Amino acid sequence: MVKYELPPLPYDYAALEPHIDEQTMRLHHDKHHQAYVNGANAALEKLEKMRQSGDYAAIKAVLRDLAFNASGHLLHSIFWPNMSPQGGAEPQGSLAEKISHDFGSFADFKAQFSAAAGGVEGSGWGILAYEPNSDQLLTLQAEKHQNLTAQGARPLLVLDVWEHAYYLKYQNNRGAYIEAFWNVVNWPDVAARLEAARRAAGR
Ligand SMILES: [Fe+2]
């Protein structure tokens with residue numbers, strides 16, 4: 001059985017200050033993300049036991065756990081490198097061209113993504129994804145981690161809008177947190193993800 005593992009943060013906990021505070025990063029990475037890794041592995045272990053016993057009576061609940069926790073793990077694994085202390089400004093090169101082509105302009109994309117993240121009902125994510133079938137970028141919301149996706153679309157830039165991501169510093173002001181996020185976006189990382197996704201799609 002392959003086990004999920006918590007990836008290390010690619011920078012110090014305090015590196016994104018003042019936009020994302022150190023205490024939030026410690027709790028978010030070490031506790032919350034770790035819990036999703038543990039939850040996904042626990043679901044995989046239950047599935048292994050089911051295969052051994054042949055008793056699949058609980059499979060619906062276990063797969064629900066797997067979808068929630070594995071999606072939580074995978075989105076957080078994109079979220080950390082999507083940010084950088086050297087981040088911010090605007091994307092360059094082919095990513096900038098693709099954003100302008102698909103959204104009209106960077107400003108239009110930024111407004112749409114911010115609205116998507118701000119409008120998530122309850123806990124979830126704002127997501128910029130590459131949809132290979134139509135070779136286009138989509139903004140999506142995820143409720144919790146796993147609901148509302150477009151199956152097959154590959155997340156490139158994700159913004160965690162669970163309260164655990166911002167409440168210590170921004171309290172109920174999700175909009176201020178979203179505004180701060182733009183100062184730390186690691187555009188070269190997003191560009192590399194788009195390039196890899198398009199290459200994989202044969203585009
Ligand atoms: Fe989170």
# chains A, B, ... in the order shown; residues from 1 in each chain; ligands from 1
>>> residues_near_ligand(ligand="ligand 1", cutoff="12 Å", atoms="only C-alpha atoms and all ligand atoms", output="number ranges by chain")
A: 24-36, 69, 71-80, 123-126, 144-145, 158-167
>>> closest_atom_pairs(of="region 105-165 of chain A", to="region 90-99 of chain A", cutoff="7 Å", atoms="only C-alpha atoms", output="JSON lines")
{"residue": "A:Ser105", "atom": "CA", "partner": "A:Ile99", "partner_atom": "CA", "distance": 6.6}
{"residue": "A:Phe106", "atom": "CA", "partner": "A:Ile99", "partner_atom": "CA", "distance": 6.3}
{"residue": "A:Phe109", "atom": "CA", "partner": "A:Ile99", "partner_atom": "CA", "distance": 6.9}
>>> closest_residue(among="A:Ser114, A:Leu44, A:Ala142, A:Glu5", to="Ala180 (chain A)", atoms="only C-alpha atoms")
A:Ser114
>>> atom_distance(atom1="CA of Gly88 (chain A)", atom2="CA of Trp187 (chain A)")
7.4 Å
>>> residues_around(residues="Gln23 (chain A)", least_positions_apart="6", cutoff="10 Å", atoms="only C-alpha atoms", output="short mmCIF file (atom, residue, chain, number, x, y, z; two decimals) with N, CA and C atoms, in the first residue's frame")
data_model
loop_
_atom_site.label_atom_id
_atom_site.label_comp_id
_atom_site.auth_asym_id
_atom_site.auth_seq_id
_atom_site.Cartn_x
_atom_site.Cartn_y
_atom_site.Cartn_z
N TYR A 13 8.29 29.09 8.28
CA TYR A 13 6.90 29.37 8.68
C TYR A 13 6.59 30.87 8.63
N ALA A 14 7.60 31.67 8.93
CA ALA A 14 7.38 33.13 9.00
C ALA A 14 7.67 33.82 7.67
N LEU A 168 -6.89 33.56 12.46
CA LEU A 168 -6.05 34.13 13.52
C LEU A 168 -5.66 35.57 13.20
N LYS A 169 -5.36 35.84 11.94
CA LYS A 169 -4.90 37.18 11.56
C LYS A 169 -6.04 38.05 11.03
#
